[in-house]
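**Student:** File coords.pdb follows (PDB, C-alpha atoms and all ligand atoms):
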```
MODEL        1
ATOM      1  CA  MET A1494     138.241 -84.260 169.126
ATOM      2  CA  THR A1495     140.290 -84.398 172.353
ATOM      3  CA  ASP A1496     139.120 -82.784 175.597
ATOM      4  CA  GLN A1497     141.750 -80.100 175.079
ATOM      5  CA  GLU A1498     140.494 -79.300 171.557
ATOM      6  CA  SER A1499     136.912 -79.015 172.754
ATOM      7  CA  LEU A1500     137.937 -76.176 175.101
ATOM      8  CA  VAL A1501     137.886 -72.583 173.879
ATOM      9  CA  LEU A1502     141.082 -71.742 171.975
ATOM     10  CA  PRO A1503     143.577 -69.777 174.059
ATOM     11  CA  PRO A1504     143.678 -66.032 173.428
ATOM     12  CA  HIS A1505     146.749 -64.788 171.591
ATOM     13  CA  VAL A1506     149.516 -63.192 173.641
ATOM     14  CA  GLU A1507     150.062 -60.592 170.906
ATOM     15  CA  ASP A1508     146.529 -59.218 171.338
ATOM     16  CA  PRO A1509     147.206 -55.694 172.705
ATOM     17  CA  GLU A1510     143.944 -55.765 174.683
ATOM     18  CA  LEU A1511     144.920 -58.762 176.786
ATOM     19  CA  LEU A1512     148.068 -57.563 178.524
ATOM     20  CA  PRO A1513     148.581 -54.300 180.422
ATOM     21  CA  PRO A1514     150.616 -51.627 178.632
ATOM     22  CA  GLN A1515     154.348 -51.887 179.148
ATOM     23  CA  VAL A1516     156.051 -49.703 181.737
ATOM     24  CA  GLU A1517     159.758 -48.916 181.414
ATOM     25  CA  ALA A1518     161.878 -48.972 184.552
ATOM     26  CA  ALA A1519     164.890 -47.161 183.141
ATOM     27  CA  ALA A1520     167.716 -47.146 185.685
ATOM     28  CA  GLU A1521     168.432 -43.515 184.824
ATOM     29  CA  GLY A1522     164.729 -42.529 185.056
ATOM     30  CA  THR A1523     163.017 -41.004 188.058
ATOM     31  CA  LEU A1524     160.959 -42.929 190.609
ATOM     32  CA  LEU A1525     158.173 -40.344 190.219
ATOM     33  CA  THR A1526     157.812 -41.075 186.487
ATOM     34  CA  TYR A1527     157.876 -44.824 187.123
ATOM     35  CA  TRP A1528     155.201 -44.497 189.812
ATOM     36  CA  GLN A1529     153.011 -42.293 187.571
ATOM     37  CA  ASP A1530     153.312 -44.835 184.735
ATOM     38  CA  ARG A1531     152.431 -47.716 187.051
ATOM     39  CA  VAL A1532     149.336 -45.840 188.268
ATOM     40  CA  GLY A1533     148.343 -45.300 184.628
ATOM     41  CA  GLN A1534     148.985 -48.962 183.839
ATOM     42  CA  HIS A1535     146.942 -50.439 186.697
ATOM     43  CA  VAL A1536     143.622 -49.242 185.265
ATOM     44  CA  HIS A1537     144.342 -51.292 182.107
ATOM     45  CA  ASP A1538     145.093 -54.616 183.766
ATOM     46  CA  SER A1539     142.946 -57.757 183.895
ATOM     47  CA  TYR A1540     142.509 -61.121 185.596
ATOM     48  CA  SER A1541     141.255 -64.150 183.652
ATOM     49  CA  GLY A1542     140.211 -61.789 180.872
ATOM     50  CA  VAL A1543     138.200 -59.499 183.192
ATOM     51  CA  ARG A1544     139.323 -55.985 183.999
ATOM     52  CA  LEU A1545     141.049 -55.742 187.379
ATOM     53  CA  MET A1546     142.401 -52.450 188.676
ATOM     54  CA  LYS A1547     144.984 -53.260 191.318
ATOM     55  CA  PHE A1548     148.759 -53.175 191.566
ATOM     56  CA  PRO A1549     150.362 -56.659 191.630
ATOM     57  CA  GLU A1550     152.162 -55.512 194.787
ATOM     58  CA  ASP A1551     148.822 -54.783 196.474
ATOM     59  CA  LEU A1552     147.418 -58.131 195.368
ATOM     60  CA  ARG A1553     150.382 -59.799 197.093
ATOM     61  CA  MET A1554     149.614 -57.940 200.329
ATOM     62  CA  PHE A1555     145.950 -58.961 200.044
ATOM     63  CA  GLU A1556     147.141 -62.577 199.769
ATOM     64  CA  HIS A1557     149.190 -62.193 202.930
ATOM     65  CA  LEU A1558     146.271 -60.660 204.833
ATOM     66  CA  LEU A1559     143.685 -63.153 203.635
ATOM     67  CA  TRP A1560     145.992 -65.906 204.844
ATOM     68  CA  LEU A1561     146.919 -64.202 208.131
ATOM     69  CA  SER A1562     143.342 -63.281 209.003
ATOM     70  CA  ARG A1563     141.828 -66.567 207.743
ATOM     71  CA  ALA A1564     139.110 -64.644 205.950
ATOM     72  CA  GLN A1565     136.297 -66.803 204.615
ATOM     73  CA  VAL A1566     134.323 -63.922 203.090
ATOM     74  CA  VAL A1567     135.407 -60.802 201.227
ATOM     75  CA  VAL A1568     133.007 -57.871 201.221
ATOM     76  CA  GLU A1569     134.025 -55.733 198.270
ATOM     77  CA  LEU A1570     132.680 -52.204 197.844
ATOM     78  CA  GLY A1571     133.107 -51.252 194.181
ATOM     79  CA  THR A1572     132.821 -54.130 191.713
ATOM     80  CA  HIS A1573     133.400 -52.354 188.394
ATOM     81  CA  SER A1574     133.937 -55.182 185.850
ATOM     82  CA  GLY A1575     134.262 -57.947 188.449
ATOM     83  CA  GLY A1576     137.914 -58.919 187.936
ATOM     84  CA  SER A1577     138.792 -58.246 191.561
ATOM     85  CA  ALA A1578     135.752 -60.214 192.820
ATOM     86  CA  LEU A1579     136.916 -63.152 190.697
ATOM     87  CA  TRP A1580     140.482 -62.807 191.989
ATOM     88  CA  PHE A1581     139.320 -62.713 195.639
ATOM     89  CA  ARG A1582     137.053 -65.714 195.056
ATOM     90  CA  ASP A1583     139.978 -67.684 193.619
ATOM     91  CA  ARG A1584     142.223 -66.844 196.567
ATOM     92  CA  LEU A1585     139.503 -67.889 199.059
ATOM     93  CA  ARG A1586     138.890 -71.067 197.092
ATOM     94  CA  THR A1587     142.582 -71.960 197.278
ATOM     95  CA  MET A1588     142.678 -71.357 201.037
ATOM     96  CA  ALA A1589     139.595 -73.556 201.426
ATOM     97  CA  ALA A1590     141.322 -76.264 199.359
ATOM     98  CA  TYR A1591     144.270 -76.092 201.809
ATOM     99  CA  GLY A1592     141.780 -76.674 204.631
ATOM    100  CA  LEU A1593     142.573 -73.292 206.215
ATOM    101  CA  ILE A1594     139.022 -71.946 206.086
ATOM    102  CA  PRO A1595     135.545 -73.505 205.706
ATOM    103  CA  GLN A1596     134.445 -74.536 202.206
ATOM    104  CA  ASP A1597     131.563 -72.081 202.373
ATOM    105  CA  ILE A1598     133.515 -69.153 200.941
ATOM    106  CA  ARG A1599     131.877 -66.027 199.505
ATOM    107  CA  VAL A1600     132.624 -62.698 197.858
ATOM    108  CA  VAL A1601     129.850 -60.141 198.255
ATOM    109  CA  SER A1602     130.537 -57.304 195.846
ATOM    110  CA  VAL A1603     128.527 -54.067 195.810
ATOM    111  CA  ASP A1604     128.196 -51.471 193.055
ATOM    112  CA  LEU A1605     125.691 -48.849 191.960
ATOM    113  CA  SER A1606     124.980 -50.956 188.893
ATOM    114  CA  GLN A1607     125.733 -54.588 188.093
ATOM    115  CA  LYS A1608     124.006 -54.486 184.709
ATOM    116  CA  SER A1609     126.856 -55.859 182.600
ATOM    117  CA  THR A1610     128.898 -57.524 185.358
ATOM    118  CA  HIS A1611     126.838 -60.738 185.420
ATOM    119  CA  ASP A1612     127.578 -61.387 181.737
ATOM    120  CA  VAL A1613     131.231 -60.411 182.024
ATOM    121  CA  LEU A1614     131.778 -62.765 184.964
ATOM    122  CA  ALA A1615     129.780 -65.561 183.354
ATOM    123  CA  SER A1616     132.017 -65.324 180.292
ATOM    124  CA  ALA A1617     135.045 -65.964 182.539
ATOM    125  CA  ASP A1618     133.384 -68.620 184.726
ATOM    126  CA  SER A1619     129.850 -69.821 184.104
ATOM    127  CA  ALA A1620     129.670 -71.019 187.750
ATOM    128  CA  TYR A1621     130.784 -67.692 189.258
ATOM    129  CA  ALA A1622     127.477 -67.172 191.116
ATOM    130  CA  GLU A1623     128.150 -70.185 193.328
ATOM    131  CA  HIS A1624     130.564 -68.077 195.384
ATOM    132  CA  ILE A1625     130.238 -64.494 194.135
ATOM    133  CA  THR A1626     127.182 -62.409 195.026
ATOM    134  CA  LEU A1627     126.789 -59.220 193.010
ATOM    135  CA  LEU A1628     124.667 -56.672 194.852
ATOM    136  CA  GLU A1629     123.336 -53.443 193.403
ATOM    137  CA  GLY A1630     123.282 -50.631 195.926
ATOM    138  CA  ASP A1631     124.736 -47.342 197.087
ATOM    139  CA  ILE A1632     127.206 -47.684 199.941
ATOM    140  CA  LEU A1633     126.112 -44.260 201.206
ATOM    141  CA  ASP A1634     122.774 -45.872 202.070
ATOM    142  CA  PRO A1635     122.999 -47.839 205.358
ATOM    143  CA  ARG A1636     120.302 -50.212 204.076
ATOM    144  CA  THR A1637     122.814 -51.589 201.561
ATOM    145  CA  SER A1638     125.010 -52.910 204.376
ATOM    146  CA  ALA A1639     121.974 -54.674 205.881
ATOM    147  CA  ARG A1640     121.502 -56.470 202.547
ATOM    148  CA  VAL A1641     125.185 -57.439 202.573
ATOM    149  CA  ALA A1642     124.811 -58.842 206.103
ATOM    150  CA  GLU A1643     122.101 -61.221 204.864
ATOM    151  CA  ARG A1644     124.602 -62.759 202.420
ATOM    152  CA  ILE A1645     127.343 -63.509 204.962
ATOM    153  CA  PRO A1646     127.397 -67.079 206.322
ATOM    154  CA  GLN A1647     126.837 -67.247 210.088
ATOM    155  CA  GLY A1648     130.060 -66.664 212.022
ATOM    156  CA  ALA A1649     132.237 -66.214 208.910
ATOM    157  CA  ARG A1650     135.390 -64.119 209.212
ATOM    158  CA  CYS A1651     135.292 -61.219 206.740
ATOM    159  CA  LEU A1652     137.787 -58.937 205.098
ATOM    160  CA  VAL A1653     136.284 -55.680 203.791
ATOM    161  CA  VAL A1654     137.693 -53.741 200.819
ATOM    162  CA  GLU A1655     136.528 -50.192 200.093
ATOM    163  CA  ASP A1656     137.219 -49.378 196.426
ATOM    164  CA  THR A1657     134.345 -47.104 195.321
ATOM    165  CA  ARG A1658     134.628 -43.397 194.507
ATOM    166  CA  HIS A1659     137.694 -42.537 196.567
ATOM    167  CA  ALA A1660     136.055 -39.449 198.028
ATOM    168  CA  TYR A1661     135.675 -38.303 201.654
ATOM    169  CA  GLU A1662     131.954 -39.078 201.794
ATOM    170  CA  THR A1663     132.111 -42.622 200.371
ATOM    171  CA  THR A1664     135.206 -43.540 202.376
ATOM    172  CA  HIS A1665     133.668 -42.376 205.646
ATOM    173  CA  ALA A1666     130.335 -44.087 204.881
ATOM    174  CA  ALA A1667     132.095 -47.342 203.981
ATOM    175  CA  LEU A1668     133.961 -47.334 207.281
ATOM    176  CA  SER A1669     130.850 -46.395 209.269
ATOM    177  CA  HIS A1670     128.528 -48.976 207.706
ATOM    178  CA  TYR A1671     130.886 -51.903 206.955
ATOM    179  CA  SER A1672     133.596 -51.981 209.645
ATOM    180  CA  ARG A1673     131.189 -54.013 211.821
ATOM    181  CA  PHE A1674     131.809 -56.997 209.544
ATOM    182  CA  VAL A1675     135.523 -57.120 210.416
ATOM    183  CA  PRO A1676     136.371 -59.584 213.202
ATOM    184  CA  GLU A1677     139.196 -59.302 215.738
ATOM    185  CA  ASP A1678     142.562 -59.341 213.959
ATOM    186  CA  GLY A1679     140.734 -58.930 210.663
ATOM    187  CA  PHE A1680     141.255 -56.171 208.097
ATOM    188  CA  PHE A1681     139.372 -53.293 206.535
ATOM    189  CA  VAL A1682     141.290 -52.100 203.478
ATOM    190  CA  VAL A1683     140.680 -48.622 202.099
ATOM    191  CA  GLU A1684     142.109 -48.559 198.612
ATOM    192  CA  ASP A1685     143.790 -45.808 196.648
ATOM    193  CA  GLY A1686     145.008 -43.349 199.247
ATOM    194  CA  LEU A1687     147.161 -42.121 196.335
ATOM    195  CA  ILE A1688     144.165 -40.241 194.992
ATOM    196  CA  ASP A1689     145.167 -37.606 197.566
ATOM    197  CA  SER A1690     148.608 -37.298 195.938
ATOM    198  CA  PRO A1691     147.744 -35.629 192.599
ATOM    199  CA  GLU A1692     151.400 -35.713 191.524
ATOM    200  CA  LEU A1693     151.112 -39.526 191.263
ATOM    201  CA  CYS A1694     147.815 -39.506 189.373
ATOM    202  CA  VAL A1695     148.716 -37.586 186.211
ATOM    203  CA  HIS A1696     147.731 -40.522 183.923
ATOM    204  CA  ILE A1697     144.334 -41.352 185.442
ATOM    205  CA  LYS A1698     141.092 -39.481 185.616
ATOM    206  CA  PRO A1699     138.628 -41.173 187.957
ATOM    207  CA  PRO A1700     134.976 -40.361 187.211
ATOM    208  CA  GLY A1701     133.290 -37.830 189.494
ATOM    209  CA  GLU A1702     134.741 -35.851 192.369
ATOM    210  CA  THR A1703     137.455 -37.665 194.238
ATOM    211  CA  GLY A1704     139.829 -36.897 197.091
ATOM    212  CA  GLY A1705     139.736 -36.800 200.850
ATOM    213  CA  VAL A1706     140.342 -40.540 201.350
ATOM    214  CA  VAL A1707     143.193 -40.100 203.804
ATOM    215  CA  SER A1708     141.394 -37.447 205.879
ATOM    216  CA  ALA A1709     138.196 -39.541 205.954
ATOM    217  CA  VAL A1710     140.187 -42.479 207.341
ATOM    218  CA  ARG A1711     141.971 -40.253 209.886
ATOM    219  CA  ASP A1712     138.667 -38.697 211.055
ATOM    220  CA  TRP A1713     136.966 -42.078 211.334
ATOM    221  CA  LEU A1714     139.899 -43.640 213.212
ATOM    222  CA  SER A1715     139.532 -40.975 215.873
ATOM    223  CA  SER A1716     135.813 -41.730 216.333
ATOM    224  CA  ASP A1717     134.469 -44.204 218.939
ATOM    225  CA  GLN A1718     133.884 -46.752 216.199
ATOM    226  CA  GLY A1719     137.313 -46.310 214.652
ATOM    227  CA  GLN A1720     139.505 -46.294 217.716
ATOM    228  CA  VAL A1721     139.522 -50.091 217.893
ATOM    229  CA  PHE A1722     141.245 -50.180 214.519
ATOM    230  CA  GLN A1723     144.956 -49.762 213.993
ATOM    231  CA  ASP A1724     146.325 -47.975 210.914
ATOM    232  CA  ARG A1725     148.793 -50.447 209.388
ATOM    233  CA  SER A1726     150.017 -48.339 206.485
ATOM    234  CA  ASP A1727     153.374 -50.025 207.105
ATOM    235  CA  LEU A1728     151.796 -52.928 205.172
ATOM    236  CA  ASN A1729     152.573 -51.116 201.926
ATOM    237  CA  ARG A1730     155.666 -53.320 202.067
ATOM    238  CA  TYR A1731     156.560 -53.382 198.399
ATOM    239  CA  GLY A1732     157.319 -49.666 198.004
ATOM    240  CA  ILE A1733     155.228 -49.010 194.915
ATOM    241  CA  SER A1734     151.508 -49.359 195.708
ATOM    242  CA  CYS A1735     148.135 -47.655 195.458
ATOM    243  CA  ARG A1736     148.885 -46.348 198.962
ATOM    244  CA  ASN A1737     146.119 -48.474 200.391
ATOM    245  CA  MET A1738     145.237 -47.961 204.028
ATOM    246  CA  TRP A1739     145.273 -51.320 205.772
ATOM    247  CA  LEU A1740     143.228 -51.102 208.983
ATOM    248  CA  ARG A1741     143.351 -53.949 211.474
ATOM    249  CA  ARG A1742     140.742 -54.520 214.174
ATOM    250  CA  THR A1743     142.642 -54.964 217.403
ATOM    251  CA  THR A1744     142.258 -57.920 219.738
ATOM    252  CA  GLY A1745     139.480 -57.832 222.322
ATOM    253  CA  THR A1746     137.177 -55.591 220.268
ATOM    254  CA  ALA A1747     135.139 -58.156 218.369
ATOM    255  CA  SER A1748     131.800 -57.324 216.857
ATOM    256  CA  ALA A1749     129.467 -60.158 215.950
ATOM    257  CA  PRO A1750     129.975 -60.884 212.235
ATOM    258  CA  GLY A1751     127.126 -59.496 210.191
ATOM    259  CA  SER A1752     125.553 -57.803 213.226
TER     260      SER A1752
HETATM  261  C1  LIG B   1     137.636 -48.261 191.104
HETATM  262  S1  LIG B   1     136.161 -49.046 190.576
HETATM  263  C2  LIG B   1     136.268 -50.630 191.376
HETATM  264  C3  LIG B   1     137.406 -51.446 190.851
HETATM  265  C4  LIG B   1     137.428 -52.900 191.225
HETATM  266  N1  LIG B   1     137.269 -53.130 192.645
HETATM  267  C5  LIG B   1     138.751 -53.490 190.782
HETATM  268  O1  LIG B   1     139.678 -53.618 191.602
HETATM  269  O2  LIG B   1     138.856 -53.813 189.600
HETATM  270  C6  LIG B   1     134.977 -48.160 191.504
HETATM  271  C7  LIG B   1     133.539 -48.647 191.410
HETATM  272  O3  LIG B   1     132.816 -48.091 192.517
HETATM  273  C8  LIG B   1     131.490 -47.843 192.116
HETATM  274  N2  LIG B   1     130.885 -46.836 193.014
HETATM  275  C9  LIG B   1     131.112 -45.499 193.046
HETATM  276  N3  LIG B   1     130.373 -44.914 194.005
HETATM  277  C10 LIG B   1     129.663 -45.902 194.615
HETATM  278  C11 LIG B   1     128.703 -45.922 195.670
HETATM  279  N4  LIG B   1     128.332 -44.797 196.289
HETATM  280  N5  LIG B   1     128.169 -47.108 196.029
HETATM  281  C12 LIG B   1     128.526 -48.262 195.396
HETATM  282  N6  LIG B   1     129.443 -48.292 194.378
HETATM  283  C13 LIG B   1     129.993 -47.131 193.984
HETATM  284  C14 LIG B   1     131.613 -47.369 190.671
HETATM  285  O4  LIG B   1     130.404 -47.578 189.994
HETATM  286  C15 LIG B   1     132.789 -48.214 190.147
HETATM  287  O5  LIG B   1     132.348 -49.350 189.438
ENDMDL
END
```
Transcribe the structure of this file into structure tokens.
**Tutor:**
Amino acid sequence: MTDQESLVLPPHVEDPELLPPQVEAAAEGTLLTYWQDRVGQHVHDSYSGVRLMKFPEDLRMFEHLLWLSRAQVVVELGTHSGGSALWFRDRLRTMAAYGLIPQDIRVVSVDLSQKSTHDVLASADSAYAEHITLLEGDILDPRTSARVAERIPQGARCLVVEDTRHAYETTHAALSHYSRFVPEDGFFVVEDGLIDSPELCVHIKPPGETGGVVSAVRDWLSSDQGQVFQDRSDLNRYGISCRNMWLRRTTGTASAPGS
């Protein structure tokens, strides 16, 4: 048996579970319909066989910002299946291989429950735990952010991604408890501002009460803590997106990482 044969057989491209559903971009169609279909599609996508709920366009912008900000750690709020944690880990690992950031990379991913995530991630990469820390906790509880701080290597530059319930309360709590991890010229990304545009969300039904993401960000930005961040919504450069809110900590306003 060759080395190649001893590996697991590749999955079949015809398996309907393994690729996202097709979206038509008919030239005579409307942009609204296309956008609605893309929003519906993104909750059925995957990375390395693990569910990942992000637009490819947003993943490209994350790549730009990881590179620009030289992030060594990603703090992810909202793990779900773990596909995004795996994707972030792989991007950090590539940057470390280029010599752009220290080798000691880490993704710290928080969710209310991580019961099945360990097994799902282990099935994609048995060594996932080397660089991915799965933490169980409620982001509304400030003690959860203290537990996250313990997992961040000393002095590491972090990028924070808020992708939990997409409600006013969770968004505001995420910004209040986790923005301290973002260094100067680093980014705090609040995902899925589109939840506040119901006309775009006709094909998804997020669990629980959602909405108020944009107003939570606006309110927080006008607070003492938030005024050192700049709203860079212009970073939705690819047109179609989840209307993420890309917040950049301005120069001269550093907080000690993990403090
Ligand atoms: C949209 S999913 C995350 C998707 C994932 N980041 C991805 O891109 O594939 C939202 C997750 O947030 C979690 N969540 C909701 N409220 C939370 C809270 N208060 N604290 C921590 N996690 C929460 C849910 O359990 C769910 O798994």
**Student:** Between A:Gln1534, A:Gln1718, A:Gln1647, A:Thr1637, which one has atoms that come closest to ligand LIG 1 (chain B), using all atoms listed in the file?
**Tutor:**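 Nearest to ligand LIG 1 (chain B): A:Thr1637.
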**Student:** By how many Å are CA of Gly1571 in chain A and CA of Pro1595 in chain A apart?
**Tutor:**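 Straight-line distance from CA of Gly1571 in chain A to CA of Pro1595 in chain A works out to 25.2 Å.
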**Student:** Taking all atoms listed in the file into account, list the residues no farther than 8 Å from ligand LIG 1 (chain B), as a ChimeraX atom specification.
**Tutor:** /A:1536,1544-1547,1569-1578,1603-1606,1629-1633,1656-1659,1663,1699
**Student:** What lies within 12 Å of Phe1674 in chain A using all atoms listed in the file, ignoring chain neighbours under 4 positions off, as number ranges by chain?
**Tutor:** A: 1564-1569, 1601, 1638-1639, 1641-1654, 1667-1670, 1678-1681, 1742, 1747-1752
**Student:** Go through A:Arg1741, A:His1665, A:Arg1599, A:Arg1640 one by one, measure the shortest atom-to-atom distance of each to Val1710 in chain A using all atoms listed in the file, and give the residue with the smallest value.
**Tutor:**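 With all atoms listed in the file as the atom set, the closest residue is A:His1665.
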**Student:** CA of Ala1520 in chain A to CA of Val1532 in chain A: how many Å, to one decimal?
**Tutor:**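 Rounded to one decimal, the two atoms are 18.6 Å apart.
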**Student:** For range 1550-1569 of chain A of the structure just presented, write N, CA and C atoms to a file, as a JSON list (two decimals), in the first residue's frame.
**Tutor:**
```json
[["chain", "number", "residue", "atom", "x", "y", "z"],
["A", 1550, "GLU", "N", -16.42, 36.36, 0.41],
["A", 1550, "GLU", "CA", -15.94, 37.74, 0.33],
["A", 1550, "GLU", "C", -15.46, 38.23, 1.70],
["A", 1551, "ASP", "N", -16.17, 37.83, 2.75],
["A", 1551, "ASP", "CA", -15.77, 38.25, 4.10],
["A", 1551, "ASP", "C", -14.50, 37.52, 4.54],
["A", 1552, "LEU", "N", -14.38, 36.27, 4.13],
["A", 1552, "LEU", "CA", -13.14, 35.54, 4.45],
["A", 1552, "LEU", "C", -11.94, 36.23, 3.80],
["A", 1553, "ARG", "N", -12.12, 36.73, 2.59],
["A", 1553, "ARG", "CA", -11.02, 37.45, 1.93],
["A", 1553, "ARG", "C", -10.65, 38.70, 2.73],
["A", 1554, "MET", "N", -11.66, 39.42, 3.23],
["A", 1554, "MET", "CA", -11.33, 40.64, 4.00],
["A", 1554, "MET", "C", -10.64, 40.25, 5.32],
["A", 1555, "PHE", "N", -11.09, 39.15, 5.93],
["A", 1555, "PHE", "CA", -10.38, 38.69, 7.14],
["A", 1555, "PHE", "C", -8.91, 38.42, 6.81],
["A", 1556, "GLU", "N", -8.66, 37.80, 5.65],
["A", 1556, "GLU", "CA", -7.26, 37.52, 5.28],
["A", 1556, "GLU", "C", -6.46, 38.81, 5.18],
["A", 1557, "HIS", "N", -7.06, 39.81, 4.55],
["A", 1557, "HIS", "CA", -6.37, 41.10, 4.44],
["A", 1557, "HIS", "C", -6.05, 41.66, 5.82],
["A", 1558, "LEU", "N", -7.03, 41.60, 6.73],
["A", 1558, "LEU", "CA", -6.86, 42.25, 8.03],
["A", 1558, "LEU", "C", -5.93, 41.46, 8.96],
["A", 1559, "LEU", "N", -5.95, 40.15, 8.83],
["A", 1559, "LEU", "CA", -5.00, 39.35, 9.61],
["A", 1559, "LEU", "C", -3.58, 39.73, 9.19],
["A", 1560, "TRP", "N", -3.40, 39.85, 7.88],
["A", 1560, "TRP", "CA", -2.08, 40.18, 7.34],
["A", 1560, "TRP", "C", -1.68, 41.60, 7.72],
["A", 1561, "LEU", "N", -2.61, 42.55, 7.52],
["A", 1561, "LEU", "CA", -2.29, 43.96, 7.82],
["A", 1561, "LEU", "C", -2.02, 44.19, 9.30],
["A", 1562, "SER", "N", -2.77, 43.49, 10.15],
["A", 1562, "SER", "CA", -2.63, 43.76, 11.59],
["A", 1562, "SER", "C", -1.63, 42.82, 12.25],
["A", 1563, "ARG", "N", -1.09, 41.88, 11.48],
["A", 1563, "ARG", "CA", -0.11, 40.90, 12.01],
["A", 1563, "ARG", "C", -0.66, 40.23, 13.27],
["A", 1564, "ALA", "N", -1.91, 39.80, 13.17],
["A", 1564, "ALA", "CA", -2.50, 39.11, 14.33],
["A", 1564, "ALA", "C", -1.84, 37.76, 14.52],
["A", 1565, "GLN", "N", -1.60, 37.44, 15.78],
["A", 1565, "GLN", "CA", -0.99, 36.15, 16.14],
["A", 1565, "GLN", "C", -2.05, 35.25, 16.81],
["A", 1566, "VAL", "N", -3.10, 35.92, 17.32],
["A", 1566, "VAL", "CA", -4.17, 35.22, 18.02],
["A", 1566, "VAL", "C", -5.51, 35.73, 17.49],
["A", 1567, "VAL", "N", -6.44, 34.80, 17.29],
["A", 1567, "VAL", "CA", -7.82, 35.19, 17.00],
["A", 1567, "VAL", "C", -8.68, 34.77, 18.18],
["A", 1568, "VAL", "N", -9.41, 35.73, 18.74],
["A", 1568, "VAL", "CA", -10.40, 35.43, 19.77],
["A", 1568, "VAL", "C", -11.74, 35.41, 19.05],
["A", 1569, "GLU", "N", -12.34, 34.23, 19.00],
["A", 1569, "GLU", "CA", -13.61, 34.08, 18.28],
["A", 1569, "GLU", "C", -14.74, 33.86, 19.27]]
```
